[in-house]
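Shown below: target-v9.cif, with mmCIF, C-alpha atoms and all ligand atoms.
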data_run
loop_
_atom_site.group_PDB
_atom_site.id
_atom_site.type_symbol
_atom_site.label_atom_id
_atom_site.label_comp_id
_atom_site.auth_asym_id
_atom_site.auth_seq_id
_atom_site.Cartn_x
_atom_site.Cartn_y
_atom_site.Cartn_z
ATOM 1 C CA MET A 1 11.262 -2.095 -11.105
ATOM 2 C CA ASN A 2 12.478 -5.658 -10.974
ATOM 3 C CA LEU A 3 9.794 -8.064 -9.836
ATOM 4 C CA ARG A 4 10.655 -11.250 -7.971
ATOM 5 C CA TYR A 5 8.317 -13.969 -6.806
ATOM 6 C CA GLU A 6 8.352 -16.445 -3.971
ATOM 7 C CA GLY A 7 5.920 -19.337 -4.057
ATOM 8 C CA PHE A 8 3.795 -18.370 -7.062
ATOM 9 C CA SER A 9 3.035 -20.485 -10.131
ATOM 10 C CA THR A 10 4.104 -19.228 -13.542
ATOM 11 C CA ALA A 11 0.479 -18.315 -14.260
ATOM 12 C CA GLN A 12 0.193 -16.360 -11.000
ATOM 13 C CA GLN A 13 3.465 -14.573 -11.735
ATOM 14 C CA GLY A 14 2.024 -13.525 -15.077
ATOM 15 C CA ILE A 15 -1.046 -12.088 -13.377
ATOM 16 C CA ILE A 16 1.014 -10.166 -10.830
ATOM 17 C CA ALA A 17 3.306 -8.794 -13.546
ATOM 18 C CA ALA A 18 0.261 -7.604 -15.497
ATOM 19 C CA ASP A 19 -1.174 -6.087 -12.309
ATOM 20 C CA TYR A 20 2.071 -4.220 -11.749
ATOM 21 C CA ALA A 21 2.094 -2.934 -15.324
ATOM 22 C CA ARG A 22 -1.511 -1.796 -14.947
ATOM 23 C CA MET A 23 -0.629 -0.062 -11.688
ATOM 24 C CA LEU A 24 2.181 1.826 -13.456
ATOM 25 C CA THR A 25 -0.207 3.117 -16.092
ATOM 26 C CA MET A 26 -2.638 4.227 -13.396
ATOM 27 C CA ALA A 27 0.183 5.778 -11.337
ATOM 28 C CA ASP A 28 1.169 7.882 -14.355
ATOM 29 C CA ARG A 29 -2.337 9.314 -14.367
ATOM 30 C CA THR A 30 -2.204 10.237 -10.669
ATOM 31 C CA LEU A 31 0.132 13.109 -11.514
ATOM 32 C CA GLY A 32 -2.589 15.015 -13.354
ATOM 33 C CA HIS A 33 -4.660 17.137 -11.010
ATOM 34 C CA GLY A 34 -8.336 16.346 -11.285
ATOM 35 C CA ALA A 35 -11.632 15.547 -9.681
ATOM 36 C CA PRO A 36 -10.451 12.293 -8.050
ATOM 37 C CA LEU A 37 -7.801 14.247 -6.179
ATOM 38 C CA VAL A 38 -10.478 16.386 -4.553
ATOM 39 C CA THR A 39 -12.692 13.376 -3.871
ATOM 40 C CA TRP A 40 -10.051 11.423 -1.990
ATOM 41 C CA PHE A 41 -7.840 14.158 -0.509
ATOM 42 C CA GLY A 42 -10.178 17.128 -0.200
ATOM 43 C CA ALA A 43 -8.390 20.404 0.373
ATOM 44 C CA ALA A 44 -5.015 18.785 1.066
ATOM 45 C CA ASP A 45 -2.048 21.059 0.409
ATOM 46 C CA ARG A 46 -1.366 20.462 -3.282
ATOM 47 C CA ASP A 47 2.413 20.802 -3.026
ATOM 48 C CA MET A 48 2.560 18.304 -0.194
ATOM 49 C CA LEU A 49 0.225 15.906 -1.948
ATOM 50 C CA MET A 50 2.009 16.124 -5.285
ATOM 51 C CA ARG A 51 5.343 15.524 -3.557
ATOM 52 C CA ARG A 52 3.883 12.294 -2.221
ATOM 53 C CA LEU A 53 2.424 11.230 -5.560
ATOM 54 C CA ARG A 54 5.691 12.013 -7.333
ATOM 55 C CA ALA A 55 7.645 10.074 -4.700
ATOM 56 C CA MET A 56 5.369 7.105 -5.357
ATOM 57 C CA HIS A 57 5.729 7.537 -9.111
ATOM 58 C CA THR A 58 9.511 7.599 -8.854
ATOM 59 C CA VAL A 59 9.705 4.474 -6.714
ATOM 60 C CA VAL A 60 7.265 2.343 -8.705
ATOM 61 C CA HIS A 61 9.156 3.188 -11.893
ATOM 62 C CA ALA A 62 12.652 2.897 -10.375
ATOM 63 C CA PRO A 63 14.712 0.655 -12.671
ATOM 64 C CA ASN A 64 17.154 -0.470 -10.008
ATOM 65 C CA ARG A 65 14.731 -1.421 -7.258
ATOM 66 C CA THR A 66 13.255 -4.821 -6.621
ATOM 67 C CA ILE A 67 9.912 -5.826 -5.188
ATOM 68 C CA THR A 68 9.512 -9.399 -4.048
ATOM 69 C CA PHE A 69 5.954 -10.713 -4.015
ATOM 70 C CA VAL A 70 5.548 -13.450 -1.438
ATOM 71 C CA ASN A 71 2.755 -16.007 -1.563
ATOM 72 C CA ARG A 72 0.904 -16.023 1.750
ATOM 73 C CA ILE A 73 -2.304 -17.445 0.343
ATOM 74 C CA GLY A 74 -3.584 -19.993 2.778
ATOM 75 C CA GLY A 75 -2.324 -17.828 5.580
ATOM 76 C CA VAL A 76 1.095 -18.868 6.787
ATOM 77 C CA LEU A 77 2.082 -15.568 8.348
ATOM 78 C CA LYS A 78 0.554 -12.174 8.912
ATOM 79 C CA VAL A 79 1.869 -8.926 10.334
ATOM 80 C CA GLU A 80 0.237 -8.327 13.677
ATOM 81 C CA TYR A 81 0.673 -5.265 15.819
ATOM 82 C CA LYS A 82 1.231 -6.010 19.477
ATOM 83 C CA SER A 83 1.405 -2.250 19.800
ATOM 84 C CA LEU A 84 1.930 0.507 17.239
ATOM 85 C CA TYR A 85 5.715 0.182 17.396
ATOM 86 C CA ASN A 86 5.905 -3.520 18.011
ATOM 87 C CA ALA A 87 4.861 -5.300 14.855
ATOM 88 C CA GLN A 88 5.836 -8.849 14.054
ATOM 89 C CA LEU A 89 5.042 -11.657 11.695
ATOM 90 C CA MET A 90 2.832 -14.083 13.561
ATOM 91 C CA PRO A 91 2.205 -17.761 12.800
ATOM 92 C CA GLU A 92 -1.187 -18.414 11.275
ATOM 93 C CA ASN A 93 -2.784 -19.978 14.269
ATOM 94 C CA SER A 94 -1.719 -17.344 16.757
ATOM 95 C CA PRO A 95 -4.625 -16.022 18.805
ATOM 96 C CA GLY A 96 -6.355 -13.177 17.028
ATOM 97 C CA VAL A 97 -4.815 -13.772 13.599
ATOM 98 C CA ASP A 98 -7.578 -13.925 11.025
ATOM 99 C CA LEU A 99 -6.652 -13.831 7.345
ATOM 100 C CA GLN A 100 -10.228 -13.693 6.123
ATOM 101 C CA GLY A 101 -10.647 -10.623 3.958
ATOM 102 C CA VAL A 102 -6.907 -9.862 3.805
ATOM 103 C CA TYR A 103 -5.604 -8.874 0.379
ATOM 104 C CA ALA A 104 -1.949 -8.193 1.081
ATOM 105 C CA TYR A 105 0.398 -6.741 3.678
ATOM 106 C CA VAL A 106 3.923 -5.447 4.233
ATOM 107 C CA PHE A 107 6.230 -5.459 7.205
ATOM 108 C CA PRO A 108 6.478 -2.112 9.032
ATOM 109 C CA THR A 109 9.543 -0.353 10.380
ATOM 110 C CA ASP A 110 9.707 2.242 13.158
ATOM 111 C CA ARG A 111 11.114 5.480 11.699
ATOM 112 C CA ARG A 112 10.495 7.856 14.612
ATOM 113 C CA ASP A 113 14.219 8.617 14.831
ATOM 114 C CA GLU A 114 14.311 9.890 11.265
ATOM 115 C CA PHE A 115 10.923 11.530 10.808
ATOM 116 C CA GLY A 116 9.945 12.545 14.305
ATOM 117 C CA THR A 117 6.425 11.943 15.493
ATOM 118 C CA GLY A 118 4.769 14.805 13.590
ATOM 119 C CA ASN A 119 4.820 13.270 10.106
ATOM 120 C CA THR A 120 1.293 13.373 8.676
ATOM 121 C CA GLY A 121 1.529 9.785 7.488
ATOM 122 C CA GLY A 122 2.682 8.378 10.804
ATOM 123 C CA VAL A 123 6.149 7.021 11.446
ATOM 124 C CA MET A 124 5.789 3.362 10.579
ATOM 125 C CA SER A 125 7.275 2.943 7.115
ATOM 126 C CA HIS A 126 8.118 -0.277 5.401
ATOM 127 C CA VAL A 127 11.320 0.117 3.412
ATOM 128 C CA GLY A 128 13.498 -1.301 6.168
ATOM 129 C CA SER A 129 12.199 -4.813 5.538
ATOM 130 C CA GLY A 130 13.076 -4.616 1.854
ATOM 131 C CA MET A 131 10.387 -4.304 -0.738
ATOM 132 C CA ARG A 132 8.553 -7.482 0.119
ATOM 133 C CA ILE A 133 4.820 -7.593 -0.414
ATOM 134 C CA TYR A 134 2.945 -10.527 1.035
ATOM 135 C CA LEU A 135 -0.087 -11.392 -1.061
ATOM 136 C CA ALA A 136 -2.884 -12.919 0.957
ATOM 137 C CA ASP A 137 -6.044 -14.929 0.396
ATOM 138 C CA GLU A 138 -8.202 -12.252 -1.209
ATOM 139 C CA TYR A 139 -5.598 -10.941 -3.635
ATOM 140 C CA PHE A 140 -6.560 -12.945 -6.706
ATOM 141 C CA SER A 141 -10.270 -12.541 -6.001
ATOM 142 C CA GLY A 142 -10.087 -8.818 -6.759
ATOM 143 C CA ASP A 143 -10.714 -7.435 -10.224
ATOM 144 C CA ASP A 144 -7.884 -6.041 -12.356
ATOM 145 C CA ALA A 145 -8.069 -2.505 -10.982
ATOM 146 C CA GLU A 146 -8.382 -3.764 -7.425
ATOM 147 C CA ARG A 147 -5.259 -5.921 -7.704
ATOM 148 C CA ALA A 148 -3.315 -3.016 -9.211
ATOM 149 C CA SER A 149 -4.451 -0.690 -6.444
ATOM 150 C CA THR A 150 -3.623 -3.299 -3.798
ATOM 151 C CA ILE A 151 -0.008 -3.191 -4.954
ATOM 152 C CA TYR A 152 -0.045 0.610 -4.954
ATOM 153 C CA HIS A 153 -1.627 0.612 -1.477
ATOM 154 C CA GLU A 154 1.152 -1.616 -0.136
ATOM 155 C CA VAL A 155 3.883 0.506 -1.727
ATOM 156 C CA THR A 156 2.451 3.639 -0.049
ATOM 157 C CA HIS A 157 3.213 1.983 3.300
ATOM 158 C CA LYS A 158 6.812 1.640 2.187
ATOM 159 C CA VAL A 159 7.298 5.028 0.573
ATOM 160 C CA LEU A 160 4.888 7.343 2.400
ATOM 161 C CA CYS A 161 4.641 5.725 5.861
ATOM 162 C CA THR A 162 0.894 5.394 5.442
ATOM 163 C CA GLU A 163 -1.301 3.700 8.021
ATOM 164 C CA ASP A 164 -4.438 1.602 7.661
ATOM 165 C CA TYR A 165 -6.955 3.883 9.348
ATOM 166 C CA SER A 166 -9.717 2.360 7.223
ATOM 167 C CA TYR A 167 -10.291 0.306 4.074
ATOM 168 C CA GLU A 168 -13.992 1.192 3.851
ATOM 169 C CA ARG A 169 -14.968 3.363 0.911
ATOM 170 C CA ASP A 170 -17.332 5.639 2.829
ATOM 171 C CA GLU A 171 -14.950 6.121 5.717
ATOM 172 C CA CYS A 172 -12.037 6.822 3.363
ATOM 173 C CA LEU A 173 -14.223 9.350 1.546
ATOM 174 C CA SER A 174 -14.961 11.042 4.855
ATOM 175 C CA PHE A 175 -11.215 11.454 5.494
ATOM 176 C CA ALA A 176 -11.115 13.986 2.651
ATOM 177 C CA ALA A 177 -12.577 16.444 5.165
ATOM 178 C CA THR A 178 -9.388 16.047 7.215
ATOM 179 C CA PRO A 179 -6.683 15.955 4.539
ATOM 180 C CA ALA A 180 -3.833 14.981 6.871
ATOM 181 C CA LYS A 181 -5.731 11.828 7.684
ATOM 182 C CA ALA A 182 -6.556 11.188 4.026
ATOM 183 C CA MET A 183 -2.889 11.629 3.084
ATOM 184 C CA GLY A 184 -1.909 9.256 5.856
ATOM 185 C CA ASN A 185 -4.327 6.467 4.932
ATOM 186 C CA ALA A 186 -3.066 3.868 2.447
ATOM 187 C CA GLU A 187 -6.459 3.023 1.004
ATOM 188 C CA ASN A 188 -7.184 6.654 0.121
ATOM 189 C CA TYR A 189 -4.317 6.282 -2.349
ATOM 190 C CA GLY A 190 -5.773 2.959 -3.446
ATOM 191 C CA PHE A 191 -9.184 4.450 -4.169
ATOM 192 C CA PHE A 192 -7.568 7.490 -5.775
ATOM 193 C CA LEU A 193 -5.488 5.285 -8.062
ATOM 194 C CA ARG A 194 -8.585 3.374 -9.153
ATOM 195 C CA ALA A 195 -10.315 6.664 -9.975
ATOM 196 C CA CYS A 196 -7.416 7.896 -12.110
HETATM 197 ZN ZN ZN B 201 -2.430 -1.379 4.255
#
Would you mind writing the structure in this file as structure tokens?
Ligand SMILES: [Zn+2]
Amino acid sequence: MNLRYEGFSTAQQGIIAADYARMLTMADRTLGHGAPLVTWFGAADRDMLMRRLRAMHTVVHAPNRTITFVNRIGGVLKVEYKSLYNAQLMPENSPGVDLQGVYAYVFPTDRRDEFGTGNTGGVMSHVGSGMRIYLADEYFSGDDAERASTIYHEVTHKVLCTEDYSYERDECLSFAATPAKAMGNAENYGFFLRAC
């Protein structure tokens, strides 16, 4: 993967590059079946789940792809959903835009025409906008594993059409009882990565 940066200092670029490298090491470990898989995805169909994890593994290691990390610290823009299929980047001071607690985000793309509406991960993927990941105010406040999993979380939106049903640990854990929901929730992959 080629990494590009917009608006980051050399020191910040170094941190992000190290986070990406750490994420790759963790992503390698996701391919081994194990206890964390059960914790975060319950009885999810193993073939289906491993296809997703391998798809992620392939993309994050792809030598000819580029991810651009964009500095949105200080909150210039954020993706807001006017409705599920009408997402847009909103100026910071738009009504309802609150960047407190935001780690990162990506711009979604409606893929109903390609995937139909029955895809377990939803139909809002993120590849159409290019691989741009907007890092927000909380990004650098996370620990090493958290920053690595934030990147992985964002890439699952792009590759697996995941949604943000919840970021809360307990709620994400509860999704394991309904594997389709667990497989469709970005932060379940984030927590899973951290456990690998
Ligand atoms: Zn997300």
Just checking: using only C-alpha atoms and all ligand atoms, which residue out of A:Ala17, A:Met1, A:Leu135, A:Met56 ends up closest to ligand ZN 201 (chain B)?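 Smallest separation from ligand ZN 201 (chain B) among the options: A:Leu135.
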Please give me, as a list of chain:residue names, the residues lying within 6 Å of ligand ZN 201 (chain B) when counting all atoms listed in the file.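 Selection of residues at most 6 Å from ligand ZN 201 (chain B): A:Glu154, A:Asp164, A:Ala186.
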Residue neighbourhood stretch 168-182 of chain A, 12 Å, all atoms listed in the file, exclusion window fewer than 6 positions, as a compact mmCIF listing (two decimals) with C-alpha atoms, in the frame of the given file:
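The resulting selection-v3.txt:
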# COMPACT_ATOMS: atom_id res chain seq x y z
CA PRO A 36 -10.45 12.29 -8.05
CA LEU A 37 -7.80 14.25 -6.18
CA VAL A 38 -10.48 16.39 -4.55
CA THR A 39 -12.69 13.38 -3.87
CA TRP A 40 -10.05 11.42 -1.99
CA PHE A 41 -7.84 14.16 -0.51
CA GLY A 42 -10.18 17.13 -0.20
CA ALA A 43 -8.39 20.40 0.37
CA ALA A 44 -5.01 18.78 1.07
CA ASP A 45 -2.05 21.06 0.41
CA ARG A 46 -1.37 20.46 -3.28
CA MET A 48 2.56 18.30 -0.19
CA LEU A 49 0.22 15.91 -1.95
CA GLY A 118 4.77 14.80 13.59
CA ASN A 119 4.82 13.27 10.11
CA THR A 120 1.29 13.37 8.68
CA GLY A 121 1.53 9.78 7.49
CA GLY A 122 2.68 8.38 10.80
CA THR A 162 0.89 5.39 5.44
CA ASN A 188 -7.18 6.65 0.12
CA TYR A 189 -4.32 6.28 -2.35
CA GLY A 190 -5.77 2.96 -3.45
CA PHE A 191 -9.18 4.45 -4.17
CA PHE A 192 -7.57 7.49 -5.78
CA ARG A 194 -8.59 3.37 -9.15
Name the residues that the PyMOL selection byres (((chain A and resi 64) around 8) and not hetatm) pulls out of this structure, and write them as a list in words.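 Evaluating the PyMOL selection byres (((chain A and resi 64) around 8) and not hetatm) on these coordinates yields Met1, Asn2, Ala62, Pro63, Arg65 and Thr66 of chain A.
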Name the residues that the PyMOL selection byres (((chain A and resi 12) around 12) and not hetatm) picks from the file above, as a list in words, using the file's chain letters and numbers.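 Applying the PyMOL selection byres (((chain A and resi 12) around 12) and not hetatm) to the structure shown produces Tyr5, Glu6, Gly7, Phe8, Ser9, Thr10, Ala11, Gln13, Gly14, Ile15, Ile16, Ala17, Ala18, Asp19, Phe69, Val70, Asn71, Ile73, Leu135, Tyr139 and Phe140 of chain A.
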If we count only C-alpha atoms, what is near A:Ile67 at a cut-off of 8 Å, once residues fewer than 5 positions away on the same chain are taken out, given as a PyMOL selection string? chain A and resi 1-4+130-133
Could you tell me, as a PyMOL selection string, exactly which residues end up selected when the PyMOL selection byres (((chain A and resi 51-53) around 9) and not hetatm) is applied to this structure? chain A and resi 27+30-31+46-50+54-58+159-160+183+189
Could you rebuild stretch 163-178 of chain A with N, CA and C atoms and give it back as a PDB file, in the frame of the given file?
ATOM      1  N   GLU A 163      -0.692   4.618   7.052  1.00  0.00           N
ATOM      2  CA  GLU A 163      -1.301   3.700   8.021  1.00  0.00           C
ATOM      3  C   GLU A 163      -2.556   3.095   7.389  1.00  0.00           C
ATOM      4  N   ASP A 164      -3.147   2.139   8.088  1.00  0.00           N
ATOM      5  CA  ASP A 164      -4.438   1.602   7.661  1.00  0.00           C
ATOM      6  C   ASP A 164      -5.511   2.083   8.630  1.00  0.00           C
ATOM      7  N   TYR A 165      -5.893   3.351   8.485  1.00  0.00           N
ATOM      8  CA  TYR A 165      -6.955   3.883   9.348  1.00  0.00           C
ATOM      9  C   TYR A 165      -8.288   3.247   8.975  1.00  0.00           C
ATOM     10  N   SER A 166      -8.488   3.020   7.669  1.00  0.00           N
ATOM     11  CA  SER A 166      -9.717   2.360   7.223  1.00  0.00           C
ATOM     12  C   SER A 166      -9.520   1.863   5.800  1.00  0.00           C
ATOM     13  N   TYR A 167     -10.236   0.785   5.455  1.00  0.00           N
ATOM     14  CA  TYR A 167     -10.291   0.306   4.074  1.00  0.00           C
ATOM     15  C   TYR A 167     -11.659   0.588   3.473  1.00  0.00           C
ATOM     16  N   GLU A 168     -12.600   1.035   4.293  1.00  0.00           N
ATOM     17  CA  GLU A 168     -13.992   1.192   3.851  1.00  0.00           C
ATOM     18  C   GLU A 168     -14.153   2.443   3.005  1.00  0.00           C
ATOM     19  N   ARG A 169     -14.838   2.266   1.864  1.00  0.00           N
ATOM     20  CA  ARG A 169     -14.968   3.363   0.911  1.00  0.00           C
ATOM     21  C   ARG A 169     -15.551   4.628   1.554  1.00  0.00           C
ATOM     22  N   ASP A 170     -16.668   4.467   2.264  1.00  0.00           N
ATOM     23  CA  ASP A 170     -17.332   5.639   2.829  1.00  0.00           C
ATOM     24  C   ASP A 170     -16.464   6.336   3.869  1.00  0.00           C
ATOM     25  N   GLU A 171     -15.796   5.527   4.682  1.00  0.00           N
ATOM     26  CA  GLU A 171     -14.950   6.121   5.717  1.00  0.00           C
ATOM     27  C   GLU A 171     -13.745   6.826   5.087  1.00  0.00           C
ATOM     28  N   CYS A 172     -13.162   6.189   4.054  1.00  0.00           N
ATOM     29  CA  CYS A 172     -12.037   6.822   3.363  1.00  0.00           C
ATOM     30  C   CYS A 172     -12.485   8.130   2.709  1.00  0.00           C
ATOM     31  N   LEU A 173     -13.682   8.120   2.126  1.00  0.00           N
ATOM     32  CA  LEU A 173     -14.223   9.350   1.546  1.00  0.00           C
ATOM     33  C   LEU A 173     -14.336  10.439   2.599  1.00  0.00           C
ATOM     34  N   SER A 174     -14.766  10.050   3.795  1.00  0.00           N
ATOM     35  CA  SER A 174     -14.961  11.042   4.855  1.00  0.00           C
ATOM     36  C   SER A 174     -13.630  11.646   5.301  1.00  0.00           C
ATOM     37  N   PHE A 175     -12.526  10.921   5.104  1.00  0.00           N
ATOM     38  CA  PHE A 175     -11.215  11.454   5.494  1.00  0.00           C
ATOM     39  C   PHE A 175     -10.837  12.682   4.665  1.00  0.00           C
ATOM     40  N   ALA A 176     -11.444  12.833   3.496  1.00  0.00           N
ATOM     41  CA  ALA A 176     -11.115  13.986   2.651  1.00  0.00           C
ATOM     42  C   ALA A 176     -11.395  15.299   3.375  1.00  0.00           C
ATOM     43  N   ALA A 177     -12.290  15.244   4.379  1.00  0.00           N
ATOM     44  CA  ALA A 177     -12.577  16.444   5.165  1.00  0.00           C
ATOM     45  C   ALA A 177     -11.426  16.792   6.107  1.00  0.00           C
ATOM     46  N   THR A 178     -10.582  15.820   6.383  1.00  0.00           N
ATOM     47  CA  THR A 178      -9.388  16.047   7.215  1.00  0.00           C
ATOM     48  C   THR A 178      -8.186  15.536   6.429  1.00  0.00           C
TER      49      THR A 178
END
